[in-house]
$ cat final10.txt   # compact mmCIF, C-alpha atoms and all ligand atoms
# COMPACT_ATOMS: atom_id res chain seq x y z
CA MET A 7 37.03 -176.87 -49.33
CA ILE A 8 39.64 -174.36 -48.25
CA ILE A 9 43.05 -175.70 -47.16
CA SER A 10 45.54 -173.27 -45.69
CA VAL A 11 49.24 -174.06 -45.46
CA ALA A 12 50.97 -172.33 -42.55
CA SER A 13 54.10 -172.57 -40.45
CA GLY A 14 55.18 -170.81 -37.30
CA LYS A 15 58.77 -170.79 -38.42
CA GLY A 16 59.69 -169.10 -41.70
CA GLY A 17 61.58 -171.02 -44.38
CA THR A 18 60.22 -174.45 -43.52
CA GLY A 19 58.76 -175.20 -46.95
CA LYS A 20 55.23 -173.81 -46.74
CA THR A 21 55.17 -172.61 -50.32
CA THR A 22 56.73 -175.89 -51.50
CA VAL A 23 53.81 -177.76 -49.93
CA ALA A 24 51.12 -175.28 -51.04
CA VAL A 25 52.33 -175.35 -54.66
CA ALA A 26 52.58 -179.16 -54.66
CA LEU A 27 49.00 -179.41 -53.34
CA ALA A 28 47.68 -177.03 -56.00
CA LYS A 29 49.53 -178.85 -58.79
CA SER A 30 48.20 -182.17 -57.52
CA ILE A 31 44.59 -180.96 -57.57
CA SER A 32 45.19 -179.20 -60.93
CA TYR A 33 41.80 -177.43 -60.80
CA CYS A 34 41.61 -175.05 -57.87
CA GLN A 35 42.11 -171.51 -56.69
CA PHE A 36 45.54 -170.70 -55.26
CA ILE A 37 45.94 -167.62 -53.05
CA ASP A 38 49.30 -166.29 -51.91
CA TYR A 39 48.43 -164.54 -48.64
CA ASP A 40 52.07 -163.84 -47.80
CA VAL A 41 51.66 -160.27 -49.03
CA GLU A 42 54.91 -159.01 -47.49
CA ALA A 43 57.00 -161.50 -49.46
CA PRO A 44 54.87 -163.38 -51.99
CA ASN A 45 56.80 -165.97 -54.00
CA ALA A 46 54.41 -168.72 -55.09
CA ASP A 47 54.26 -167.11 -58.55
CA LEU A 48 57.91 -168.13 -59.05
CA PHE A 49 56.80 -171.79 -58.95
CA LEU A 50 53.32 -171.64 -60.49
CA LYS A 51 54.33 -169.10 -63.16
CA PRO A 52 50.83 -167.70 -63.67
CA ASP A 53 49.86 -165.63 -66.65
CA ILE A 54 48.80 -162.46 -64.79
CA LYS A 55 45.67 -160.98 -66.40
CA HIS A 56 44.56 -158.31 -63.93
CA ILE A 57 46.35 -156.02 -61.50
CA ASN A 58 44.22 -154.00 -59.08
CA ASN A 59 45.72 -151.22 -57.01
CA ILE A 60 44.67 -151.30 -53.36
CA THR A 61 44.38 -147.89 -51.76
CA ILE A 62 43.43 -146.50 -48.39
CA LYS A 63 42.22 -143.04 -47.46
CA GLN A 64 44.68 -140.86 -45.60
CA PRO A 65 44.33 -137.28 -44.40
CA TYR A 66 46.35 -134.29 -45.47
CA PHE A 67 46.43 -131.03 -43.59
CA LEU A 68 46.05 -127.54 -45.06
CA THR A 69 48.43 -125.75 -42.71
CA GLY A 70 48.49 -122.39 -44.55
CA LEU A 71 45.08 -121.31 -43.16
CA GLY A 72 46.36 -120.54 -39.66
CA LYS A 73 44.13 -123.17 -37.98
CA SER A 74 45.14 -125.34 -35.01
CA PHE A 75 45.21 -129.11 -35.48
CA LYS A 76 45.51 -129.94 -31.79
CA ALA A 77 42.09 -131.66 -31.84
CA CYS A 78 43.43 -134.04 -34.53
CA SER A 79 46.52 -134.84 -32.53
CA ASP A 80 44.46 -135.40 -29.33
CA PHE A 81 42.03 -137.64 -31.19
CA CYS A 82 44.47 -139.89 -33.04
CA HIS A 83 44.92 -143.07 -30.99
CA TYR A 84 47.70 -144.19 -33.32
CA ASN A 85 49.86 -141.09 -32.67
CA ALA A 86 49.96 -140.41 -36.39
CA VAL A 87 49.51 -136.65 -35.92
CA ALA A 88 51.69 -134.29 -33.91
CA ALA A 89 50.39 -130.71 -33.81
CA ILE A 90 52.22 -127.66 -32.48
CA ASP A 91 50.31 -124.40 -32.92
CA ASN A 92 49.20 -124.50 -36.55
CA LYS A 93 51.99 -126.84 -37.65
CA VAL A 94 51.49 -130.56 -38.19
CA ILE A 95 53.78 -133.53 -38.49
CA PHE A 96 51.95 -136.47 -40.06
CA PHE A 97 53.31 -140.02 -39.69
CA SER A 98 51.71 -141.71 -42.67
CA GLU A 99 52.92 -145.20 -41.70
CA LEU A 100 51.08 -144.97 -38.35
CA CYS A 101 47.80 -143.77 -39.83
CA HIS A 102 45.00 -146.36 -39.99
CA GLY A 103 42.78 -144.20 -42.21
CA CYS A 104 39.92 -144.04 -39.69
CA GLY A 105 38.99 -140.53 -40.80
CA GLY A 106 38.60 -139.28 -37.22
CA CYS A 107 40.93 -136.31 -37.60
CA ILE A 108 38.81 -135.06 -40.51
CA LEU A 109 35.73 -135.05 -38.27
CA VAL A 110 37.35 -133.36 -35.28
CA GLY A 111 39.79 -131.09 -37.12
CA PRO A 112 39.12 -127.49 -38.22
CA GLU A 113 36.41 -127.51 -40.87
CA GLY A 114 37.72 -127.78 -44.42
CA SER A 115 41.36 -127.89 -43.31
CA VAL A 116 41.79 -131.66 -43.15
CA ARG A 117 41.12 -133.46 -46.42
CA GLU A 118 41.45 -137.03 -47.60
CA ARG A 119 43.30 -138.63 -50.48
CA ASP A 120 43.92 -142.16 -51.77
CA ILE A 121 47.29 -143.72 -50.97
CA LYS A 122 48.38 -146.92 -52.72
CA ILE A 123 49.35 -149.66 -50.27
CA GLY A 124 49.74 -152.57 -52.64
CA GLU A 125 48.33 -154.66 -55.44
CA ILE A 126 46.15 -157.69 -55.99
CA ARG A 127 47.19 -159.72 -59.03
CA LYS A 128 44.98 -162.31 -60.70
CA GLY A 129 46.15 -164.85 -63.21
CA PHE A 130 45.86 -168.37 -64.51
CA CYS A 131 48.14 -171.42 -64.50
CA PRO A 132 47.20 -174.21 -66.92
CA PRO A 133 45.44 -176.56 -66.75
CA GLY A 134 43.09 -175.04 -64.18
CA ILE A 135 44.63 -173.05 -61.33
CA ASN A 136 43.12 -169.61 -60.76
CA PHE A 137 45.94 -167.67 -59.19
CA LEU A 138 45.56 -164.76 -56.81
CA MET A 139 48.24 -162.90 -54.88
CA GLY A 140 48.59 -159.80 -52.79
CA ASP A 141 51.70 -157.65 -52.88
CA LEU A 142 52.22 -155.03 -50.19
CA GLN A 143 53.88 -151.78 -51.26
CA PRO A 144 57.44 -151.59 -49.80
CA GLY A 145 57.34 -149.44 -46.67
CA SER A 146 53.61 -149.95 -46.06
CA MET A 147 52.49 -151.78 -42.92
CA ARG A 148 48.89 -152.39 -44.05
CA THR A 149 49.32 -156.15 -44.48
CA THR A 150 45.85 -157.06 -43.28
CA ALA A 151 44.20 -154.46 -45.55
CA ILE A 152 45.64 -156.30 -48.57
CA GLN A 153 44.62 -159.64 -47.06
CA ASN A 154 41.06 -158.32 -46.58
CA GLU A 155 40.92 -157.73 -50.33
CA LEU A 156 42.15 -161.26 -50.98
CA GLU A 157 39.49 -162.65 -48.65
CA LYS A 158 36.75 -160.95 -50.69
CA ASN A 159 37.97 -162.91 -53.73
CA ILE A 160 37.92 -166.42 -52.22
CA ASP A 161 36.06 -168.79 -54.53
CA HIS A 162 33.95 -170.76 -52.05
CA ASP A 163 32.63 -173.08 -54.81
CA ASN A 164 36.08 -174.41 -55.61
CA HIS A 165 38.99 -176.13 -53.90
CA VAL A 166 41.14 -173.33 -52.49
CA ILE A 167 44.78 -173.54 -51.40
CA ILE A 168 46.00 -170.67 -49.24
CA ASP A 169 49.73 -170.08 -48.87
CA CYS A 170 49.95 -168.26 -45.51
CA PRO A 171 52.55 -165.79 -44.27
CA PRO A 172 55.07 -167.26 -41.82
CA GLY A 173 54.67 -166.79 -38.08
CA ASN A 174 51.68 -166.75 -35.77
CA SER A 175 50.67 -163.11 -35.78
CA CYS A 176 47.60 -161.24 -37.11
CA SER A 177 48.49 -161.82 -40.77
CA MET A 178 48.69 -165.59 -40.19
CA VAL A 179 45.32 -165.54 -38.39
CA MET A 180 43.80 -163.59 -41.29
CA ALA A 181 45.11 -166.18 -43.73
CA VAL A 182 43.90 -169.30 -41.89
CA ARG A 183 40.60 -168.04 -40.50
CA SER A 184 38.49 -168.96 -43.56
CA SER A 185 39.99 -172.41 -43.94
CA ASP A 186 38.32 -175.76 -43.33
CA PHE A 187 41.66 -177.38 -42.59
CA CYS A 188 45.20 -176.13 -42.00
CA ILE A 189 48.40 -177.97 -42.87
CA LEU A 190 51.24 -176.93 -40.57
CA VAL A 191 54.64 -177.34 -42.15
CA THR A 192 57.56 -177.72 -39.78
CA GLU A 193 61.09 -179.02 -39.64
CA PRO A 194 62.48 -181.44 -37.04
CA THR A 195 64.53 -178.88 -35.13
CA PRO A 196 64.06 -177.15 -31.74
CA PHE A 197 63.01 -173.91 -33.52
CA GLY A 198 60.62 -175.86 -35.72
CA LEU A 199 59.00 -177.52 -32.69
CA ASN A 200 58.78 -174.30 -30.67
CA ASP A 201 56.97 -172.44 -33.46
CA LEU A 202 54.82 -175.46 -34.30
CA ILE A 203 53.47 -175.55 -30.74
CA ILE A 204 52.51 -171.86 -30.97
CA SER A 205 50.78 -172.41 -34.34
CA ILE A 206 48.85 -175.35 -32.88
CA ASP A 207 47.64 -173.12 -30.03
CA VAL A 208 46.42 -170.53 -32.54
CA LEU A 209 44.52 -173.13 -34.58
CA LYS A 210 42.97 -174.69 -31.48
CA ASN A 211 41.71 -171.26 -30.45
CA LEU A 212 40.26 -170.75 -33.92
CA LYS A 213 38.81 -174.31 -33.85
CA ILE A 214 40.41 -175.16 -37.21
CA PRO A 215 41.38 -178.83 -37.70
CA PHE A 216 44.98 -179.38 -38.70
CA GLY A 217 47.69 -181.90 -39.54
CA VAL A 218 51.46 -181.64 -39.79
CA ILE A 219 53.92 -182.08 -42.66
CA VAL A 220 57.56 -182.45 -41.61
CA ASN A 221 59.98 -181.05 -44.17
CA ARG A 222 63.73 -181.70 -44.23
CA PHE A 223 63.17 -185.03 -42.53
CA GLY A 224 66.60 -186.34 -41.51
CA ILE A 225 68.01 -183.20 -39.92
CA GLY A 226 67.69 -182.18 -36.25
CA ASN A 227 66.13 -184.58 -33.75
CA ASP A 228 62.93 -186.53 -33.18
CA GLU A 229 61.26 -184.15 -30.72
CA VAL A 230 58.65 -182.98 -33.27
CA PHE A 231 57.61 -186.60 -33.82
CA LYS A 232 57.48 -187.31 -30.07
CA TYR A 233 55.39 -184.19 -29.50
CA CYS A 234 52.94 -185.10 -32.26
CA ARG A 235 52.67 -188.70 -31.04
CA SER A 236 52.03 -187.74 -27.44
CA ASN A 237 49.43 -185.12 -28.45
CA ASN A 238 47.69 -187.33 -30.98
CA ILE A 239 48.53 -185.00 -33.87
CA LYS A 240 48.50 -186.51 -37.31
CA ILE A 241 51.70 -186.33 -39.39
CA LEU A 242 50.44 -186.24 -42.96
CA LEU A 243 53.80 -186.48 -44.74
CA LYS A 244 57.57 -186.41 -44.30
CA ILE A 245 59.65 -184.72 -47.01
CA PRO A 246 63.30 -185.76 -46.87
CA ASN A 247 66.20 -183.34 -46.60
CA ASP A 248 67.34 -183.97 -50.16
CA ILE A 249 69.82 -181.78 -52.05
CA GLU A 250 68.09 -182.68 -55.33
CA ILE A 251 64.77 -181.26 -54.07
CA ALA A 252 66.63 -178.09 -53.03
CA LYS A 253 68.13 -177.81 -56.52
CA TYR A 254 64.68 -178.08 -58.10
CA TYR A 255 63.38 -175.43 -55.69
CA SER A 256 66.21 -173.06 -56.59
CA GLN A 257 65.20 -173.37 -60.25
CA GLY A 258 61.56 -172.50 -59.53
CA LEU A 259 60.36 -176.09 -59.90
CA SER A 260 58.02 -177.92 -57.56
CA LEU A 261 58.12 -181.28 -55.79
CA ILE A 262 55.73 -182.60 -58.45
CA ASP A 263 58.25 -181.65 -61.16
CA PHE A 264 60.98 -183.38 -59.16
CA ASP A 265 59.19 -186.72 -59.02
CA SER A 266 55.61 -187.42 -60.09
CA LEU A 267 55.24 -189.89 -57.19
CA TRP A 268 54.80 -186.83 -54.97
CA LYS A 269 51.59 -186.06 -56.81
CA ASN A 270 50.01 -189.33 -55.58
CA LYS A 271 51.10 -188.55 -52.03
CA PHE A 272 49.49 -185.10 -52.12
CA VAL A 273 46.32 -186.44 -53.74
CA CYS A 274 46.08 -188.94 -50.83
CA ILE A 275 46.52 -186.10 -48.33
CA ILE A 276 43.73 -184.10 -49.99
CA ASP A 277 41.43 -187.17 -49.90
CA GLU A 278 42.25 -187.68 -46.24
CA ILE A 279 41.52 -184.03 -45.42
CA GLU A 280 38.31 -184.10 -47.43
CA LYS A 281 37.09 -187.10 -45.39
CA GLU A 282 37.99 -185.42 -42.11
CA VAL A 283 36.31 -182.14 -43.08
CA SER A 284 33.14 -183.84 -44.35
CA VAL A 285 32.76 -185.76 -41.06
CA LYS A 286 32.74 -182.51 -39.04
S1 LIG A 301 42.83 -140.87 -40.15
FE1 LIG A 301 42.65 -141.73 -38.07
S2 LIG A 301 44.57 -142.84 -37.81
FE2 LIG A 301 44.88 -141.46 -39.54
S3 LIG A 301 45.76 -139.63 -38.66
FE3 LIG A 301 43.55 -139.31 -38.72
S4 LIG A 301 42.82 -139.97 -36.73
FE4 LIG A 301 44.88 -140.78 -36.96
$ encode --input "final10.txt" --output "structure tokens" --more "lines below"
Ligand code: SF4
Amino acid sequence: MIISVASGKGGTGKTTVAVALAKSISYCQFIDYDVEAPNADLFLKPDIKHINNITIKQPYFLTGLGKSFKACSDFCHYNAVAAIDNKVIFFSELCHGCGGCILVGPEGSVRERDIKIGEIRKGFCPPGINFLMGDLQPGSMRTTAIQNELEKNIDHDNHVIIDCPPGNSCSMVMAVRSSDFCILVTEPTPFGLNDLIISIDVLKNLKIPFGVIVNRFGIGNDEVFKYCRSNNIKILLKIPNDIEIAKYYSQGLSLIDFDSLWKNKFVCIIDEIEKEVSVK
């Protein structure tokens, strides 16, 4: 069973929940899909055993041969190539590595090379969490290319917890799309509700069942609760706005380390999700 943990609004406690779930199951695969800012390793403290570089192909242009690269510039839908006479300006960050300019450009004058866009790191957290994370190279915009590599490594025979990137864009969709169930973490504020409603729309479109965990319960107002009640959306858990929990977080400790009673709560949530998923 694959459970993703997502939130429309950043900073609501997604990683807190994902780490607590993984530590409650104890034997699972944990994947940090937030490749632009991965941080679950700070809490799970995996022993990293393998680091794989992720590369993409990008063109380079041999401009000393007096050839025109106008065909490359005309072809590139991403505007990654600007050609004036036999001069070329290449915008590496816009290039999607489709290889088209090599096919249409002057023969032998456009070549390809590997460019590193990030890393996949694999490790282990005792007693039984197989840890996987993607880390995008600073400056690179190929988020989903790294996430594609993570997707190839999903262990479908195991429980899998996916810590998603914040927001509701492509990278969030990539992270939740393999999941059997998605936990949406929100906070009881107007921003929290606004972004929760967008996330719910995304999951409904993807036909992924979901439930809600409200973090920082006690701040804001009760609009999130009213919305969930009137739309028949299950609230799986409320986590109080507690300075002691925040102190644990700031030291790289999880909810389970804060109070072992949380473990029972998360085990109950997993049981509940398992029942719901098996019925479908
Ligand atoms: S490889 Fe594709 S995206 Fe990159 S510059 Fe060439 S045509 Fe444009």
$ closest_atom_pairs --input "final10.txt" --of "chain A" --to "ligand LIG 301 (chain A)" --cutoff "7 Å" --atoms "all atoms listed in the file" --output "Markdown table"
| residue | atom | partner | partner_atom | distance |
| --- | --- | --- | --- | --- |
| A:Gln64 | CA | A:LIG301 | S1 | 5.8 |
| A:Pro65 | CA | A:LIG301 | S1 | 5.8 |
| A:Cys78 | CA | A:LIG301 | S4 | 6.4 |
| A:Phe81 | CA | A:LIG301 | S4 | 6.1 |
| A:Cys82 | CA | A:LIG301 | FE4 | 4.0 |
| A:His83 | CA | A:LIG301 | FE4 | 6.4 |
| A:Tyr84 | CA | A:LIG301 | S2 | 5.6 |
| A:Asn85 | CA | A:LIG301 | FE4 | 6.6 |
| A:Ala86 | CA | A:LIG301 | S3 | 4.8 |
| A:Val87 | CA | A:LIG301 | S3 | 5.5 |
| A:Leu100 | CA | A:LIG301 | S2 | 6.9 |
| A:Cys101 | CA | A:LIG301 | FE2 | 3.7 |
| A:His102 | CA | A:LIG301 | S2 | 4.2 |
| A:Gly103 | CA | A:LIG301 | S1 | 3.9 |
| A:Cys104 | CA | A:LIG301 | FE1 | 3.9 |
| A:Gly105 | CA | A:LIG301 | S1 | 3.9 |
| A:Gly106 | CA | A:LIG301 | S4 | 4.3 |
| A:Cys107 | CA | A:LIG301 | FE3 | 4.1 |
| A:Ile108 | CA | A:LIG301 | FE3 | 6.6 |
$ write_last_selection --input "final10.txt" --atoms "C-alpha atoms" --output "CSV table (one decimal), in the coordinates of the input"
chain,number,residue,atom,x,y,z
A,64,GLN,CA,44.7,-140.9,-45.6
A,65,PRO,CA,44.3,-137.3,-44.4
A,78,CYS,CA,43.4,-134.0,-34.5
A,81,PHE,CA,42.0,-137.6,-31.2
A,82,CYS,CA,44.5,-139.9,-33.0
A,83,HIS,CA,44.9,-143.1,-31.0
A,84,TYR,CA,47.7,-144.2,-33.3
A,85,ASN,CA,49.9,-141.1,-32.7
A,86,ALA,CA,50.0,-140.4,-36.4
A,87,VAL,CA,49.5,-136.6,-35.9
A,100,LEU,CA,51.1,-145.0,-38.4
A,101,CYS,CA,47.8,-143.8,-39.8
A,102,HIS,CA,45.0,-146.4,-40.0
A,103,GLY,CA,42.8,-144.2,-42.2
A,104,CYS,CA,39.9,-144.0,-39.7
A,105,GLY,CA,39.0,-140.5,-40.8
A,106,GLY,CA,38.6,-139.3,-37.2
A,107,CYS,CA,40.9,-136.3,-37.6
A,108,ILE,CA,38.8,-135.1,-40.5
$ residues_near_point --input "final10.txt" --point "(40.2, -176.8, -55.3)" --cutoff "9 Å" --atoms "all atoms listed in the file" --output "list in words"
Met7, Ile8, Ile9, Ala28, Ile31, Ser32, Tyr33, Cys34, Gln35, Phe36, Ile135, Asp163, Asn164, His165, Val166 and Ile167 of chain A
$ atom_distance --input "final10.txt" --atom1 "atom CA of Asp120 of chain A" --atom2 "atom CA of Ile62 of chain A"
5.5 Å
$ closest_residue --input "final10.txt" --among "A:Leu267, A:Ile239, A:Ile214, A:Met139" --to "Ile54 of chain A" --atoms "only C-alpha atoms"
A:Met139
$ closest_atom_pairs --input "final10.txt" --of "segment 151-222 of chain A" --to "segment 241-264 of chain A" --cutoff "12 Å" --atoms "all atoms listed in the file" --output "CSV"
residue,atom,partner,partner_atom,distance
A:Cys188,CA,A:Leu242,CA,11.4
A:Ile189,CA,A:Leu242,CA,8.5
A:Leu190,CA,A:Ile241,CA,9.5
A:Val191,CA,A:Leu243,CA,9.5
A:Thr192,CA,A:Lys244,CA,9.8
A:Glu193,CA,A:Lys244,CA,9.4
A:Pro194,CA,A:Lys244,CA,10.1
A:Phe216,CA,A:Ile241,CA,9.7
A:Gly217,CA,A:Ile241,CA,6.0
A:Val218,CA,A:Ile241,CA,4.7
A:Ile219,CA,A:Leu243,CA,4.9
A:Val220,CA,A:Lys244,CA,4.8
A:Asn221,CA,A:Ile245,CA,4.7
A:Arg222,CA,A:Asn247,CA,3.8
$ residues_near_point --input "final10.txt" --point "(46.0, -168.4, -54.2)" --cutoff "12 Å" --atoms "all atoms listed in the file" --output "NGL selection string"
:A and (8-11 or 21 or 24-25 or 27-29 or 33-41 or 44-47 or 50 or 52 or 126-131 or 135-140 or 153 or 156-157 or 159-161 or 164-170 or 181)
$ atom_distance --input "final10.txt" --atom1 "atom CA of Gly19 of chain A" --atom2 "atom CA of Gly173 of chain A"
12.9 Å
